[in-house]
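Asker: Handing you this structure, nothing more for now.
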Amino acid sequence: MLSSAPHHDMKPSSIRPLILFFLVLALPVHARQWTEEMFEKKQTAGTVYFGSRGTDPARSVTVIGSARFYQVQKGDTLLDIARYYSLGFNELSEANPGVDSWLPPAGQVILLPTEWILPDADFEGLVVNVPEMRLYYFHPGKGGAVTVTTYPVGLGRDEWRTPIGKFKITDRTVNPRWVLPESIKKEHIAEGKPAPDFIEGGDPENPLGKYRLRTSLGDYGIHGTDIPWGVGMQVSHGCVRLYPEDIERLYPTVEKGAVGEFVYQPVKIGVRDNRIYIEVHQDIYDMIPALHREAWRLIDKFGLHDRVDAERVKRAVLEQSGVAIEVTREVGQVQEEVFHQAPRGKRPAAGGLEDEETGAN
């Protein structure tokens, strides 16, 4: 119902906010424009984390980072968001199932899985966990403590699998020339692609990018890429590809002769603040027959069998979200299980084991 008040009774001071409000509504909503400069200046690359591992797993720190959340803006894609937060496409999409990779709804809140369990390997040098598609670089410390930086990577396609095994860095090159192996030249010819003998360093078509760390495992290296969106995917001929801004931070810290290892661990178990976590990734090369059995093998290996919630472990294995999930069994839960498992006449009471017949401790 319209007001009977004459128009001139409305003061200019009350009209002005309404005009501004409708002007704002009328403004065009521009999509975010991601640029290479934004990625180059991102603060997430090269973050230093602290970890430790001793004889007592409960006192170790093998979980680093912390999960975060992000509200999608118009114009975002999961590939852009992943790159800006130094995540692989695989990590972000697995942590947010059902979210459209190219057109995630503006305003939707998504999980940034920026919390990781350290691989079960020597805390020394470069460790690449193949099914996770992530690289960890361990800087030596004292008393079992280490500092570690971590980066997402792109790895070998199923027909060009990244190898498993230990290696050393045999060479470091800025603007490396890419000499095409005969096998790759044949593949290019079969696919109708150019197959030159080599591509010079600095060429924008050079898949090695600006920096390369050559390993002792033949032609397999750790380097940049001319296709950043392939990080977190199986796109290479076996080499390890990093975002250009990530390899630029990693390269100066790795010396010739540094040791490393490619491991295959779709399941990882970690501890922080006496809490137990599990992280389960897809078995991309189908190398682990039963992930649930692998999870319990690791739990038993670290002596944590009686401290984990079996249902949480089962759920994490089924979901394979790649997210570090806490599976600590709570104190009350442990007491309840002990009560039902104890023989009649020796059920646990609040103060300890109590005789059910006499009530005597």
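By order of appearance in the structure tokens: chains A, B, ..., then residues from 1 within every chain, and ligands from 1 in the order shown.
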Hey, what's within 9 Å of Glu248 in chain A if we count only C-alpha atoms and toss same-chain stuff fewer than 4 positions away? As a PyMOL selection string, please?

Answerer: chain A and resi 210-211+224+243-244+252

Asker: Could those selected residues go to a file with N, CA, C and O atoms, as an mmCIF file, in the first residue's frame?

Answerer:
```
data_model
loop_
_atom_site.group_PDB
_atom_site.id
_atom_site.type_symbol
_atom_site.label_atom_id
_atom_site.label_comp_id
_atom_site.auth_asym_id
_atom_site.auth_seq_id
_atom_site.Cartn_x
_atom_site.Cartn_y
_atom_site.Cartn_z
ATOM 1 N N LYS A 210 61.799 -23.247 -16.716
ATOM 2 C CA LYS A 210 63.030 -22.465 -16.543
ATOM 3 C C LYS A 210 64.097 -23.197 -15.738
ATOM 4 O O LYS A 210 65.289 -22.904 -15.867
ATOM 5 N N TYR A 211 63.693 -24.141 -14.884
ATOM 6 C CA TYR A 211 64.668 -24.801 -14.002
ATOM 7 C C TYR A 211 64.479 -26.309 -14.062
ATOM 8 O O TYR A 211 63.357 -26.819 -14.115
ATOM 9 N N GLY A 224 60.245 -27.356 -14.011
ATOM 10 C CA GLY A 224 59.055 -26.535 -14.183
ATOM 11 C C GLY A 224 58.182 -27.092 -15.292
ATOM 12 O O GLY A 224 58.272 -28.272 -15.649
ATOM 13 N N TYR A 243 54.673 -26.061 -10.545
ATOM 14 C CA TYR A 243 54.282 -24.733 -11.016
ATOM 15 C C TYR A 243 55.550 -23.898 -11.215
ATOM 16 O O TYR A 243 56.509 -24.036 -10.447
ATOM 17 N N PRO A 244 55.591 -23.010 -12.207
ATOM 18 C CA PRO A 244 56.790 -22.198 -12.441
ATOM 19 C C PRO A 244 57.260 -21.439 -11.204
ATOM 20 O O PRO A 244 58.463 -21.386 -10.918
ATOM 21 N N PRO A 252 66.785 -23.049 -5.875
ATOM 22 C CA PRO A 252 67.997 -22.543 -5.208
ATOM 23 C C PRO A 252 68.338 -23.266 -3.916
ATOM 24 O O PRO A 252 69.476 -23.170 -3.439
#
```

Asker: Taking the DSSP secondary structure from the backbone, can you list the residues of range 59-271 of chain A that are strand (DSSP E or B), as a PyMOL selection string?

Answerer: chain A and resi 61+63-65+68-71+109-112+115-117+125-129+134-139+145-152+154-156+165-174+178-179+198-199+211-215+221-223+234-236+240-241+259-263+267-271

Asker: Restricting the calculation to only C-alpha atoms, which member of A:Pro163, A:Gly270, A:Gly232, A:Pro204 is positioned closest to Asp219 in chain A?

Answerer: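 Using only C-alpha atoms, the shortest distance to Asp219 in chain A belongs to A:Pro163.
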
Asker: Env of Val271 in chain A: 7 Å cut, atoms = only C-alpha atoms, seq-sep filter 3 positions within chain, self excluded. Answer as a list of chain:residue names.

Answerer: A:Ala58, A:Ser60, A:Val61, A:Thr62, A:Val63, A:Asn274, A:Arg275, A:Ile276, A:Tyr277

Asker: How would the residues just chosen look if you wrote them out with C-alpha atoms as a PDB file, in the first residue's frame?

Answerer:
```
ATOM      1  CA  ALA A  58      52.974 -40.477  20.062  1.00  0.00           C
ATOM      2  CA  SER A  60      56.290 -37.231  16.927  1.00  0.00           C
ATOM      3  CA  VAL A  61      55.027 -34.376  14.760  1.00  0.00           C
ATOM      4  CA  THR A  62      54.259 -35.877  11.368  1.00  0.00           C
ATOM      5  CA  VAL A  63      51.269 -33.708  10.433  1.00  0.00           C
ATOM      6  CA  ASN A 274      49.064 -36.818  20.545  1.00  0.00           C
ATOM      7  CA  ARG A 275      46.207 -36.990  18.008  1.00  0.00           C
ATOM      8  CA  ILE A 276      46.226 -39.520  15.174  1.00  0.00           C
ATOM      9  CA  TYR A 277      45.426 -38.741  11.541  1.00  0.00           C
TER      10      TYR A 277
END
```

Asker: Considering only C-alpha atoms, can you say which of A:Gly230, A:Ile269, A:Leu92, A:Phe167 comes closest to Lys301 in chain A?

Answerer: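 Result for the nearest residue to Lys301 in chain A: A:Ile269.
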
Asker: Name the residues in contact with Arg59 in chain A at a cut-off of 9 Å, using only C-alpha atoms, excluding same-chain residues fewer than 3 positions from it; report them as a list in words.

Answerer: Ser52, Arg53, Gly54, Thr55, Asp56, Val271, Arg272, Asp273 and Asn274 of chain A

Asker: Just to be explicit: take each residue in the selection above, keep all heavy atoms, and write the result as a short mmCIF file (atom, residue, chain, number, x, y, z; two decimals), in the first residue's frame.

Answerer:
```cif
data_model
loop_
_atom_site.label_atom_id
_atom_site.label_comp_id
_atom_site.auth_asym_id
_atom_site.auth_seq_id
_atom_site.Cartn_x
_atom_site.Cartn_y
_atom_site.Cartn_z
N SER A 52 58.92 -33.67 13.31
CA SER A 52 59.89 -34.45 14.07
C SER A 52 59.41 -35.89 14.13
O SER A 52 58.21 -36.17 14.05
CB SER A 52 60.06 -33.90 15.49
OG SER A 52 58.87 -34.08 16.24
N ARG A 53 60.38 -36.79 14.29
CA ARG A 53 60.02 -38.20 14.43
C ARG A 53 61.02 -38.86 15.34
O ARG A 53 62.23 -38.81 15.09
CB ARG A 53 59.99 -38.89 13.07
CG ARG A 53 59.52 -40.35 13.17
CD ARG A 53 59.24 -40.92 11.81
NE ARG A 53 60.41 -40.88 10.93
CZ ARG A 53 60.36 -41.01 9.62
NH1 ARG A 53 59.19 -41.17 9.02
NH2 ARG A 53 61.46 -41.00 8.90
N GLY A 54 60.52 -39.46 16.42
CA GLY A 54 61.38 -40.13 17.37
C GLY A 54 61.00 -41.58 17.52
O GLY A 54 60.21 -42.13 16.75
N THR A 55 61.54 -42.23 18.54
CA THR A 55 61.23 -43.64 18.78
C THR A 55 59.80 -43.83 19.26
O THR A 55 59.22 -44.89 19.06
CB THR A 55 62.20 -44.22 19.82
OG1 THR A 55 62.16 -43.40 21.01
CG2 THR A 55 63.62 -44.23 19.28
N ASP A 56 59.23 -42.81 19.89
CA ASP A 56 57.85 -42.88 20.36
C ASP A 56 56.95 -42.13 19.37
O ASP A 56 56.99 -40.90 19.31
CB ASP A 56 57.72 -42.25 21.75
CG ASP A 56 56.30 -42.34 22.29
OD1 ASP A 56 55.44 -42.94 21.61
OD2 ASP A 56 56.06 -41.80 23.39
N VAL A 271 50.84 -38.21 13.31
CA VAL A 271 50.53 -37.84 14.70
C VAL A 271 50.93 -36.38 14.92
O VAL A 271 51.98 -35.93 14.44
CB VAL A 271 51.29 -38.73 15.71
CG1 VAL A 271 50.98 -38.31 17.14
CG2 VAL A 271 50.93 -40.20 15.50
N ARG A 272 50.07 -35.66 15.63
CA ARG A 272 50.40 -34.30 16.06
C ARG A 272 49.61 -34.02 17.34
O ARG A 272 48.42 -34.28 17.40
CB ARG A 272 50.06 -33.26 14.99
CG ARG A 272 50.40 -31.83 15.41
CD ARG A 272 50.28 -30.85 14.26
NE ARG A 272 48.93 -30.80 13.73
CZ ARG A 272 48.59 -30.14 12.61
NH1 ARG A 272 49.51 -29.50 11.92
NH2 ARG A 272 47.33 -30.15 12.20
N ASP A 273 50.30 -33.48 18.34
CA ASP A 273 49.66 -33.18 19.63
C ASP A 273 48.95 -34.40 20.19
O ASP A 273 47.85 -34.31 20.74
CB ASP A 273 48.67 -32.02 19.49
CG ASP A 273 49.35 -30.72 19.06
OD1 ASP A 273 50.53 -30.53 19.43
OD2 ASP A 273 48.72 -29.92 18.36
N ASN A 274 49.58 -35.56 20.02
CA ASN A 274 49.06 -36.82 20.55
C ASN A 274 47.74 -37.23 19.90
O ASN A 274 47.01 -38.05 20.43
CB ASN A 274 48.90 -36.76 22.06
CG ASN A 274 49.05 -38.13 22.70
OD1 ASN A 274 49.74 -39.01 22.18
ND2 ASN A 274 48.39 -38.34 23.83
#
```

Asker: Using only C-alpha atoms, find the one residue out of A:Gly322, A:Gly165, A:Gly238, A:Gly125 that sits nearest to Leu111 in chain A.

Answerer: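 The closest residue to Leu111 in chain A is A:Gly322.
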
Asker: Would you mind reading off the distance between CA of His292 in chain A and CA of Ala67 in chain A, one decimal, in Å?

Answerer: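 Distance reported for this atom pair: 24.1 Å.
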
Asker: Would you pick out the contacts of Leu87 in chain A at 10 Å or less, using only C-alpha atoms, so that residues sharing its chain but fewer than 6 positions from it are not included, and give the list as a PyMOL selection string?

Answerer: chain A and resi 44-45+78-81+112-114+133-134+150-153+231-232+243

Asker: Between CA of Gly98 in chain A and CA of Ile110 in chain A, what is the spacing in Å?

Answerer: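 Interatomic distance here is 11.0 Å.
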
Asker: Can you measure CA of Glu187 in chain A to CA of Gly201 in chain A for me? One decimal in Å is fine.

Answerer: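 Answer for the CA of Glu187 in chain A to CA of Gly201 in chain A separation: 21.7 Å.
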
Asker: Could you pull the residues within 8 Å of Arg83 in chain A, counting only C-alpha atoms, minus those fewer than 5 positions along the same chain, as a ChimeraX atom specification?

Answerer: /A:39,88-89,229,243

Asker: Once you have the residues from the selection above, write them out as a CSV table (one decimal), in the first residue's frame, restricted to all heavy atoms.

Answerer:
```csv
chain,number,residue,atom,x,y,z
A,39,PHE,N,50.0,-15.2,-9.5
A,39,PHE,CA,50.6,-16.5,-9.1
A,39,PHE,C,52.1,-16.4,-8.7
A,39,PHE,O,52.5,-17.0,-7.7
A,39,PHE,CB,50.5,-17.5,-10.2
A,39,PHE,CG,49.0,-17.8,-10.6
A,39,PHE,CD1,48.6,-17.7,-11.9
A,39,PHE,CD2,48.1,-18.3,-9.6
A,39,PHE,CE1,47.3,-18.0,-12.2
A,39,PHE,CE2,46.8,-18.6,-9.9
A,39,PHE,CZ,46.4,-18.4,-11.2
A,88,GLY,N,47.6,-29.1,-5.8
A,88,GLY,CA,47.4,-29.7,-7.1
A,88,GLY,C,45.9,-29.8,-7.4
A,88,GLY,O,45.1,-29.8,-6.5
A,89,PHE,N,45.6,-29.8,-8.7
A,89,PHE,CA,44.2,-30.0,-9.1
A,89,PHE,C,43.6,-31.2,-8.4
A,89,PHE,O,42.4,-31.2,-8.0
A,89,PHE,CB,44.1,-30.0,-10.6
A,89,PHE,CG,42.7,-30.3,-11.1
A,89,PHE,CD1,41.7,-29.3,-11.0
A,89,PHE,CD2,42.3,-31.5,-11.6
A,89,PHE,CE1,40.4,-29.6,-11.4
A,89,PHE,CE2,41.0,-31.8,-12.0
A,89,PHE,CZ,40.0,-30.8,-11.9
A,229,TRP,N,48.6,-25.9,-15.6
A,229,TRP,CA,47.4,-26.5,-15.2
A,229,TRP,C,47.6,-28.1,-15.1
A,229,TRP,O,46.6,-28.7,-14.7
A,229,TRP,CB,46.3,-26.2,-16.2
A,229,TRP,CG,46.3,-24.7,-16.5
A,229,TRP,CD1,46.4,-24.1,-17.7
A,229,TRP,CD2,46.2,-23.6,-15.5
A,229,TRP,NE1,46.4,-22.7,-17.6
A,229,TRP,CE2,46.3,-22.4,-16.3
A,229,TRP,CE3,46.1,-23.6,-14.2
A,229,TRP,CZ2,46.2,-21.2,-15.7
A,229,TRP,CZ3,46.0,-22.3,-13.5
A,229,TRP,CH2,46.1,-21.1,-14.3
A,243,TYR,N,54.7,-26.1,-10.5
A,243,TYR,CA,54.3,-24.7,-11.0
A,243,TYR,C,55.6,-23.9,-11.2
A,243,TYR,O,56.5,-24.0,-10.4
A,243,TYR,CB,53.4,-24.0,-10.0
A,243,TYR,CG,52.0,-24.6,-9.8
A,243,TYR,CD1,51.5,-25.0,-8.6
A,243,TYR,CD2,51.1,-24.8,-10.9
A,243,TYR,CE1,50.3,-25.5,-8.4
A,243,TYR,CE2,49.9,-25.3,-10.7
A,243,TYR,CZ,49.4,-25.6,-9.5
A,243,TYR,OH,48.2,-26.1,-9.3
```

Asker: Which residues are near Val99 in chain A? Cut-off 12 Å, only C-alpha atoms, ignore same chain within fewer than 4 positions. Put them as a PDB file with C-alpha atoms, in the first residue's frame.

Answerer:
```
ATOM      1  CA  VAL A  72      34.438 -18.917  -4.498  1.00  0.00           C
ATOM      2  CA  THR A  77      38.037 -22.143 -11.470  1.00  0.00           C
ATOM      3  CA  LEU A  78      39.377 -24.920  -9.268  1.00  0.00           C
ATOM      4  CA  LEU A  92      41.355 -29.627  -4.505  1.00  0.00           C
ATOM      5  CA  SER A  93      38.899 -31.649  -6.593  1.00  0.00           C
ATOM      6  CA  GLU A  94      39.141 -34.747  -4.350  1.00  0.00           C
ATOM      7  CA  ALA A  95      38.582 -32.634  -1.243  1.00  0.00           C
ATOM      8  CA  LEU A 103      32.293 -23.128 -13.049  1.00  0.00           C
ATOM      9  CA  PRO A 104      32.200 -23.525  -9.270  1.00  0.00           C
ATOM     10  CA  PRO A 105      29.191 -21.553  -7.925  1.00  0.00           C
ATOM     11  CA  ALA A 106      30.137 -18.053  -6.773  1.00  0.00           C
ATOM     12  CA  GLN A 108      30.231 -21.495  -2.359  1.00  0.00           C
ATOM     13  CA  VAL A 109      32.667 -22.264   0.433  1.00  0.00           C
ATOM     14  CA  ILE A 110      35.205 -24.947  -0.449  1.00  0.00           C
ATOM     15  CA  LEU A 111      37.844 -26.751   1.583  1.00  0.00           C
TER      16      LEU A 111
END
```

Asker: Counting only C-alpha atoms, which of A:Gly221, A:Asn129, A:Trp116, A:Glu255 gets nearest to Ile278 in chain A?

Answerer: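 Going through A:Gly221, A:Asn129, A:Trp116, A:Glu255 one by one, the smallest distance to Ile278 in chain A is for A:Trp116.
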
Asker: Check the smallest atom-to-atom distance from each of A:Asp283, A:Glu40, A:Glu330, A:Glu132 to Tyr84 in chain A using only C-alpha atoms, then report the winner.

Answerer: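 With only C-alpha atoms as the atom set, the closest residue is A:Glu40.
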
Asker: Would you mind telling me which residue in A:Arg32, A:Arg68, A:His139, A:Lys268 lies nearest to Glu294 in chain A when using only C-alpha atoms?

Answerer: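 Of A:Arg32, A:Arg68, A:His139, A:Lys268, the one nearest Glu294 in chain A is A:Lys268, counting only C-alpha atoms.
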